[in-house]
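**Student:** Next comes the structure file structure20.txt, holding compact mmCIF, C-alpha atoms and all ligand atoms.
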```
# COMPACT_ATOMS: atom_id res chain seq x y z
CA MET A 1151 125.21 178.93 60.72
CA ILE A 1152 127.76 176.65 59.03
CA GLN A 1153 130.74 177.85 57.08
CA VAL A 1154 132.66 175.29 55.06
CA GLU A 1155 136.13 176.46 54.08
CA ALA A 1156 138.10 174.60 51.43
CA ILE A 1157 137.46 171.13 52.81
CA SER A 1158 139.09 168.13 51.20
CA LYS A 1159 138.82 164.47 52.04
CA SER A 1160 140.69 161.48 50.75
CA PHE A 1161 140.15 157.78 51.14
CA GLN A 1162 143.56 156.20 50.73
CA ASP A 1163 144.94 157.91 47.61
CA THR A 1164 141.58 158.98 46.20
CA LYS A 1165 140.48 162.56 46.74
CA VAL A 1166 136.72 162.40 47.28
CA LEU A 1167 136.15 166.04 48.31
CA ASN A 1168 138.30 168.67 46.66
CA GLU A 1169 138.49 172.10 48.35
CA ILE A 1170 134.77 172.62 48.81
CA SER A 1171 133.61 175.94 50.27
CA PHE A 1172 130.10 177.25 50.95
CA ARG A 1173 127.83 178.54 53.70
CA ILE A 1174 124.63 177.23 55.20
CA GLN A 1175 122.44 180.01 56.53
CA LYS A 1176 119.70 179.69 59.11
CA GLY A 1177 116.47 178.75 57.37
CA ASP A 1178 118.20 177.30 54.31
CA PHE A 1179 116.84 174.19 52.63
CA ILE A 1180 119.69 172.83 50.54
CA ALA A 1181 119.67 169.73 48.35
CA ILE A 1182 122.97 168.14 47.35
CA MET A 1183 122.72 166.49 43.96
CA GLY A 1184 125.28 164.88 41.69
CA PRO A 1185 126.22 161.63 39.97
CA SER A 1186 126.74 158.43 41.91
CA GLY A 1187 130.10 158.44 43.64
CA SER A 1188 130.58 162.21 43.26
CA GLY A 1189 130.95 162.70 47.02
CA LYS A 1190 127.45 163.81 48.10
CA SER A 1191 127.16 161.60 51.19
CA THR A 1192 130.80 162.18 52.11
CA LEU A 1193 130.13 165.92 51.99
CA LEU A 1194 127.07 165.61 54.26
CA TYR A 1195 128.91 163.42 56.77
CA SER A 1196 131.95 165.71 56.74
CA ILE A 1197 129.94 168.88 57.36
CA SER A 1198 128.05 167.25 60.21
CA GLY A 1199 131.23 166.01 61.85
CA MET A 1200 130.29 162.34 61.40
CA ASP A 1201 133.29 161.93 59.14
CA SER A 1202 136.72 163.51 59.54
CA ILE A 1203 138.18 165.71 56.82
CA SER A 1204 141.73 165.73 55.46
CA MET A 1205 142.01 169.50 55.00
CA GLY A 1206 140.02 172.70 55.45
CA LYS A 1207 137.78 174.04 58.19
CA ILE A 1208 134.14 173.78 59.20
CA TYR A 1209 132.67 176.45 61.47
CA PHE A 1210 129.41 175.77 63.31
CA ASP A 1211 128.07 179.00 64.81
CA GLY A 1212 131.57 180.43 64.53
CA VAL A 1213 133.27 177.49 66.27
CA ASN A 1214 135.76 175.43 64.28
CA ILE A 1215 134.51 171.84 64.59
CA SER A 1216 137.00 170.29 62.17
CA ASN A 1217 139.54 169.63 64.90
CA MET A 1218 137.16 169.00 67.81
CA LYS A 1219 137.58 165.97 70.02
CA GLU A 1220 135.08 163.21 69.25
CA ASN A 1221 133.32 163.42 72.63
CA VAL A 1222 132.69 167.17 72.20
CA LEU A 1223 131.59 166.63 68.63
CA SER A 1224 129.16 163.87 69.57
CA GLY A 1225 127.59 166.23 72.13
CA LEU A 1226 127.19 168.84 69.40
CA ARG A 1227 125.61 166.31 67.07
CA LEU A 1228 123.22 165.13 69.78
CA ASN A 1229 122.10 168.60 70.78
CA LYS A 1230 122.33 170.70 67.63
CA MET A 1231 121.92 168.33 64.68
CA GLY A 1232 119.25 165.87 63.60
CA PHE A 1233 119.95 162.99 61.22
CA VAL A 1234 117.68 161.01 58.90
CA PHE A 1235 118.99 158.26 56.64
CA GLN A 1236 117.57 156.27 53.73
CA ASN A 1237 117.53 153.09 55.76
CA VAL A 1238 115.89 153.90 59.05
CA GLN A 1239 118.04 153.03 61.99
CA MET A 1240 115.76 152.34 64.94
CA LEU A 1241 116.17 149.97 67.82
CA LYS A 1242 113.99 146.91 67.24
CA ASN A 1243 113.44 146.15 70.92
CA LEU A 1244 111.91 149.59 71.59
CA SER A 1245 108.50 150.96 70.60
CA ILE A 1246 108.20 153.79 68.08
CA TYR A 1247 107.63 156.26 70.92
CA ASP A 1248 110.63 155.07 72.93
CA ASN A 1249 112.83 155.27 69.83
CA ILE A 1250 111.69 158.85 69.24
CA ILE A 1251 112.42 160.04 72.77
CA LEU A 1252 115.71 158.14 73.18
CA PRO A 1253 118.01 161.02 72.08
CA ALA A 1254 116.21 163.32 74.55
CA LEU A 1255 116.80 160.86 77.40
CA VAL A 1256 120.48 160.74 76.45
CA ALA A 1257 120.73 164.56 76.17
CA LYS A 1258 119.05 165.09 79.59
CA LYS A 1259 118.15 168.67 78.74
CA GLU A 1260 114.43 168.57 79.43
CA SER A 1261 112.00 167.20 81.98
CA ALA A 1262 110.23 163.93 81.20
CA ALA A 1263 106.95 165.85 80.90
CA ASN A 1264 108.37 168.27 78.34
CA ILE A 1265 109.96 165.44 76.33
CA ARG A 1266 106.61 163.65 76.25
CA LYS A 1267 104.78 166.82 75.18
CA HIS A 1268 107.29 167.52 72.43
CA ALA A 1269 107.25 163.92 71.17
CA LYS A 1270 103.45 163.94 71.03
CA LEU A 1271 103.51 167.23 69.13
CA LEU A 1272 106.03 165.92 66.62
CA MET A 1273 104.08 162.70 66.11
CA LYS A 1274 100.91 164.71 65.51
CA LYS A 1275 102.67 167.04 63.11
CA THR A 1276 104.04 164.14 61.09
CA GLY A 1277 100.74 162.24 61.14
CA ILE A 1278 101.86 159.23 63.15
CA GLU A 1279 99.99 159.86 66.40
CA GLY A 1280 98.46 156.61 67.64
CA LEU A 1281 101.50 154.55 66.66
CA GLU A 1282 103.33 155.17 69.96
CA ASP A 1283 103.21 151.60 71.21
CA ARG A 1284 103.88 149.85 67.90
CA ASP A 1285 107.03 147.91 67.34
CA VAL A 1286 109.39 149.11 64.62
CA GLN A 1287 108.32 146.11 62.50
CA GLU A 1288 104.62 146.98 62.87
CA VAL A 1289 104.57 150.21 60.86
CA SER A 1290 105.01 151.02 57.18
CA GLY A 1291 108.27 152.30 55.70
CA GLY A 1292 106.78 155.77 55.34
CA GLN A 1293 105.54 155.82 58.95
CA LEU A 1294 108.93 154.64 60.12
CA GLN A 1295 110.67 157.41 58.19
CA ARG A 1296 108.27 159.96 59.68
CA ALA A 1297 109.14 158.54 63.12
CA SER A 1298 112.83 159.04 62.32
CA ILE A 1299 112.10 162.67 61.51
CA CYS A 1300 110.43 162.98 64.95
CA ARG A 1301 113.49 161.38 66.55
CA ALA A 1302 115.81 163.73 64.64
CA MET A 1303 113.75 166.71 65.85
CA ILE A 1304 113.32 165.66 69.48
CA ASN A 1305 116.31 167.61 70.80
CA HIS A 1306 115.28 170.82 68.99
CA PRO A 1307 118.25 170.73 66.58
CA ASP A 1308 119.50 173.77 64.69
CA ILE A 1309 119.86 171.77 61.49
CA LEU A 1310 118.46 168.59 60.00
CA PHE A 1311 120.78 166.47 57.81
CA LEU A 1312 119.16 163.87 55.57
CA ASP A 1313 120.72 161.31 53.24
CA GLU A 1314 118.31 160.12 50.54
CA PRO A 1315 115.39 160.27 53.03
CA THR A 1316 112.82 159.07 50.49
CA GLY A 1317 115.05 156.62 48.62
CA ALA A 1318 113.26 153.58 50.02
CA LEU A 1319 109.71 154.98 49.95
CA ASN A 1320 106.81 154.74 47.52
CA SER A 1321 105.46 157.90 45.92
CA SER A 1322 102.72 158.70 48.44
CA ALA A 1323 105.06 158.14 51.41
CA THR A 1324 107.66 160.26 49.63
CA LYS A 1325 105.18 163.10 49.23
CA GLN A 1326 104.24 162.93 52.93
CA VAL A 1327 107.89 163.11 53.98
CA LEU A 1328 108.63 165.98 51.58
CA ASP A 1329 105.57 167.91 52.79
CA ILE A 1330 106.81 167.50 56.37
CA LEU A 1331 110.28 168.74 55.45
CA GLU A 1332 108.82 171.73 53.64
CA ASP A 1333 106.61 172.56 56.65
CA LEU A 1334 109.55 172.25 59.05
CA ASN A 1335 111.62 174.53 56.83
CA GLN A 1336 108.77 177.06 56.66
CA GLU A 1337 108.76 177.07 60.46
CA GLY A 1338 112.46 177.99 60.36
CA MET A 1339 114.29 174.64 60.45
CA THR A 1340 117.51 174.58 58.46
CA ILE A 1341 117.68 171.49 56.25
CA MET A 1342 120.35 169.87 54.13
CA THR A 1343 119.57 166.72 52.20
CA VAL A 1344 121.41 164.50 49.77
CA THR A 1345 119.24 163.31 46.93
CA HIS A 1346 119.56 162.08 43.38
CA GLU A 1347 115.85 162.62 42.75
CA PRO A 1348 114.90 165.92 41.06
CA HIS A 1349 111.39 165.93 42.60
CA VAL A 1350 113.01 165.85 46.06
CA ALA A 1351 115.55 168.55 45.19
CA ALA A 1352 112.73 170.70 43.80
CA ARG A 1353 111.36 171.07 47.34
CA ALA A 1354 114.60 172.76 48.44
CA LYS A 1355 115.44 176.45 48.16
CA LYS A 1356 118.95 175.81 46.84
CA VAL A 1357 120.63 172.95 45.00
CA LEU A 1358 124.35 172.26 45.20
CA TYR A 1359 125.47 170.08 42.31
CA VAL A 1360 128.59 168.06 43.15
CA ILE A 1361 130.83 166.49 40.51
CA ASP A 1362 134.11 164.76 41.34
CA GLY A 1363 134.17 166.17 44.86
CA GLN A 1364 133.67 169.77 43.80
CA ILE A 1365 130.66 172.05 43.64
CA ALA A 1366 130.01 172.25 39.92
CA ALA A 1367 127.06 174.63 40.26
CA LEU A 1368 124.62 176.20 42.70
CA LYS A 1369 120.97 176.88 41.92
CA GLU A 1370 118.74 179.16 43.98
CA PHE A 1371 115.05 178.78 43.32
CA GLU A 1372 112.48 181.52 43.03
CA MET A 1373 110.09 180.35 45.70
CA ASP A 1374 106.84 181.24 43.95
CA GLY A 1375 107.71 179.62 40.59
CA ASP A 1376 107.35 176.07 39.28
CA ARG A 1377 110.44 174.58 40.95
CA ASP A 1378 110.18 171.16 39.27
CA LYS A 1379 110.27 172.88 35.88
CA ALA A 1380 112.99 175.35 36.89
CA LEU A 1381 115.18 172.52 38.17
CA ALA A 1382 114.63 170.39 35.05
CA ILE A 1383 115.57 173.32 32.81
CA TRP A 1384 118.65 174.11 34.93
CA LEU A 1385 119.84 170.48 34.97
CA GLU A 1386 119.41 170.34 31.21
CA GLU A 1387 121.12 173.68 30.59
CA MET A 1388 124.03 172.66 32.78
CA GLU A 1389 124.07 169.32 30.92
CA PHE A 1390 123.94 167.42 34.21
N1 LIG A 1401 134.78 154.57 53.71
C1 LIG A 1401 135.22 154.68 52.45
N2 LIG A 1401 136.39 154.14 52.07
C2 LIG A 1401 136.86 154.28 50.81
N3 LIG A 1401 136.19 154.95 49.84
C3 LIG A 1401 135.02 155.50 50.16
C4 LIG A 1401 134.45 155.40 51.48
N4 LIG A 1401 133.27 156.06 51.49
C5 LIG A 1401 133.09 156.54 50.23
N5 LIG A 1401 134.13 156.21 49.44
C6 LIG A 1401 134.29 156.57 48.03
O1 LIG A 1401 134.16 157.97 47.92
C7 LIG A 1401 133.47 158.33 46.73
C8 LIG A 1401 132.27 159.21 47.08
O2 LIG A 1401 131.34 158.42 47.83
P1 LIG A 1401 129.95 159.03 48.31
O3 LIG A 1401 129.21 157.95 49.00
O4 LIG A 1401 130.18 160.29 49.03
O5 LIG A 1401 129.26 159.37 46.90
P2 LIG A 1401 127.77 159.74 46.57
O6 LIG A 1401 127.81 160.88 45.62
O7 LIG A 1401 126.99 159.95 47.83
O8 LIG A 1401 127.30 158.43 45.82
P3 LIG A 1401 125.86 157.71 45.70
O9 LIG A 1401 124.96 158.68 44.97
O10 LIG A 1401 126.16 156.51 44.87
O11 LIG A 1401 125.40 157.39 47.08
C9 LIG A 1401 133.09 157.03 46.04
O12 LIG A 1401 134.03 156.78 45.03
C10 LIG A 1401 133.18 156.01 47.14
O13 LIG A 1401 133.52 154.76 46.61
```
Show me this structure written as structure tokens.

**Tutor:**
Amino acid sequence: MIQVEAISKSFQDTKVLNEISFRIQKGDFIAIMGPSGSGKSTLLYSISGMDSISMGKIYFDGVNISNMKENVLSGLRLNKMGFVFQNVQMLKNLSIYDNIILPALVAKKESAANIRKHAKLLMKKTGIEGLEDRDVQEVSGGQLQRASICRAMINHPDILFLDEPTGALNSSATKQVLDILEDLNQEGMTIMTVTHEPHVAARAKKVLYVIDGQIAALKEFEMDGDRDKALAIWLEEMEF
């Protein structure tokens, strides 16, 4: 689905990504781990076209998006990609429901009835049905993050990008969000998330470990094993 070819990115004189190459296949669930400042978020934002790159190419479904005009790229992001961040970015003057359906209203791909049906389904799936009319300030952090997953999914994206999605959540809210991500992935959604938390990365199928803007190692999990243990052993063996 996405092919990353030798991408580099610099901020002023500092090279933050250094000739990174890899592929994201449909149905992947990839966690990007690595020390603070290693380039994890920059990598996520570069792949998703939110950030420009200095060198290299990124192909999305065979189309080179690294030199696309911003208006074409923003259409691609709206229609094909979903985004979830650590600090939920929702409009405070809209209800939870209106925030969720907003990208669909902007995309204008579906009828109002279909948007409503899809939003209701997503809210049910993520366990936040009944919160439609609440203000953003009237729900918990975990509920708000689940609402942002609904919003990210509303336009039926091909891939979900997440940056530390559980970083601001307590352990039960974290578990709920991770269970949702795992369910979505089992239904076929492709997911890429940045995390520094091993218990989050252990829900993924693959872990990319980034050091100094390069992929230091890649781990593929055996899906039926104890992934928390396998990850801990791998991180220790690799001396990460
Ligand atoms: N807009 C920017 N301008 C200048 N330098 C930047 C900018 N964004 C990131 N950097 C630098 O690029 C490097 C990588 O940042 P990035 O946020 O990708 O790291 P990270 O691995 O996600 O870190 P963390 O785990 O702390 O969030 C850091 O040294 C950071 O200071």

**Student:** Dump the neighbourhood of ligand LIG 1401 (chain A) as an mmCIF file with C-alpha atoms, in the frame of the given file: all residues within 6 Å, distances computed on all atoms listed in the file.

**Tutor:**
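Okay, this is what ended up in result-v3.cif:
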```cif
data_model
loop_
_atom_site.group_PDB
_atom_site.id
_atom_site.type_symbol
_atom_site.label_atom_id
_atom_site.label_comp_id
_atom_site.auth_asym_id
_atom_site.auth_seq_id
_atom_site.Cartn_x
_atom_site.Cartn_y
_atom_site.Cartn_z
ATOM 1 C CA PHE A 1161 140.150 157.780 51.140
ATOM 2 C CA VAL A 1166 136.720 162.400 47.280
ATOM 3 C CA PRO A 1185 126.220 161.630 39.970
ATOM 4 C CA SER A 1186 126.740 158.430 41.910
ATOM 5 C CA GLY A 1187 130.100 158.440 43.640
ATOM 6 C CA SER A 1188 130.580 162.210 43.260
ATOM 7 C CA GLY A 1189 130.950 162.700 47.020
ATOM 8 C CA LYS A 1190 127.450 163.810 48.100
ATOM 9 C CA SER A 1191 127.160 161.600 51.190
ATOM 10 C CA THR A 1192 130.800 162.180 52.110
#
```

**Student:** What does the distance between atom CA of Asp1211 of chain A and atom CA of Ser1224 of chain A come to in Å, to one decimal place?

**Tutor:**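 Atom-to-atom, atom CA of Asp1211 of chain A to atom CA of Ser1224 of chain A, that is 15.9 Å.
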
**Student:** Which of these residues is nearest to Phe1235 of chain A, using all atoms listed in the file: A:Lys1165, A:Arg1377, A:Arg1353, A:Arg1301?

**Tutor:** A:Arg1301

**Student:** For segment 1250-1256 of chain A, work out the shell of residues within 8 Å, counting all atoms listed in the file and skipping chain neighbours fewer than 4 positions away, then give it as a ChimeraX atom specification.

**Tutor:** /A:1228,1246,1260,1265-1266,1269,1297-1298,1300-1302,1304-1305

**Student:** With 5 Å on each side, where is the centre of the axis-aligned box around all listed atoms of segment 1168-1173 of chain A, and how long are its edges in Å to one decimal, as lines of an AutoDock Vina configuration file?

**Tutor:**
```
center_x = 133.2
center_y = 173.6
center_z = 50.2
size_x = 20.7
size_y = 19.9
size_z = 17.0
```

**Student:** Counting all atoms listed in the file, which residue out of A:Thr1324, A:Thr1343, A:Gln1293, A:Asn1217 sits closest to Val1238 of chain A?

**Tutor:**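 Smallest distance to Val1238 of chain A is found for A:Gln1293.
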
**Student:** Could you pull the residues within 10 Å of Ile1330 of chain A, counting all atoms listed in the file, minus those fewer than 4 positions along the same chain, as a ChimeraX atom specification?

**Tutor:** /A:1275-1277,1296,1299,1324-1326,1334-1336

**Student:** Would you work out the distance separating atom CA of Lys1258 of chain A from atom CA of Leu1244 of chain A, expressed in Å to one decimal?

**Tutor:**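 Calculated distance between atom CA of Lys1258 of chain A and atom CA of Leu1244 of chain A is 18.8 Å.
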
**Student:** Hey, can you check how far atom CA of Ile1174 of chain A sits from atom CA of Ile1197 of chain A?

**Tutor:** 10.1 Å

**Student:** Counting only C-alpha atoms, figure out which residue out of A:Asn1243, A:Ser1321, A:Thr1316, A:Ser1204 gets nearest to Gln1287 of chain A.

**Tutor:**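 With only C-alpha atoms as the atom set, the closest residue is A:Asn1243.
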
**Student:** If you count only C-alpha atoms, which residues fall within 8 Å of Phe1172 of chain A, apart from same-chain ones fewer than 2 positions away, as a ChimeraX atom specification?

**Tutor:** /A:1153-1155,1170,1174

**Student:** List as a VMD selection string the protein and nucleic acid residues near segment 1356-1358 of chain A, meaning an atom at most 7 Å away when all atoms listed in the file are counted, but skip any in the same chain fewer than 4 places from it.

**Tutor:** chain A and resid 1179 to 1183 1351 1365 1367 to 1371

**Student:** Restricting the calculation to all atoms listed in the file, which member of A:Met1231, A:Leu1193, A:Asp1374, A:Ser1245 is positioned closest to Tyr1359 of chain A?

**Tutor:**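 That would be A:Leu1193, the residue with the smallest distance to Tyr1359 of chain A.
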
**Student:** From the options A:Val1327, A:Ile1309, A:Leu1271, A:Met1218, which residue's atoms come nearest to Met1342 of chain A, counting all atoms listed in the file?

**Tutor:**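 Residue with the minimum atom-to-atom distance to Met1342 of chain A: A:Ile1309.
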
**Student:** Select, from A:Leu1312, A:Lys1242, A:Asp1362, A:Leu1223, the residue with the minimum atom-to-atom distance to Val1289 of chain A, counting all atoms listed in the file.

**Tutor:**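 Comparing A:Leu1312, A:Lys1242, A:Asp1362, A:Leu1223 against Val1289 of chain A, the winner is A:Lys1242.
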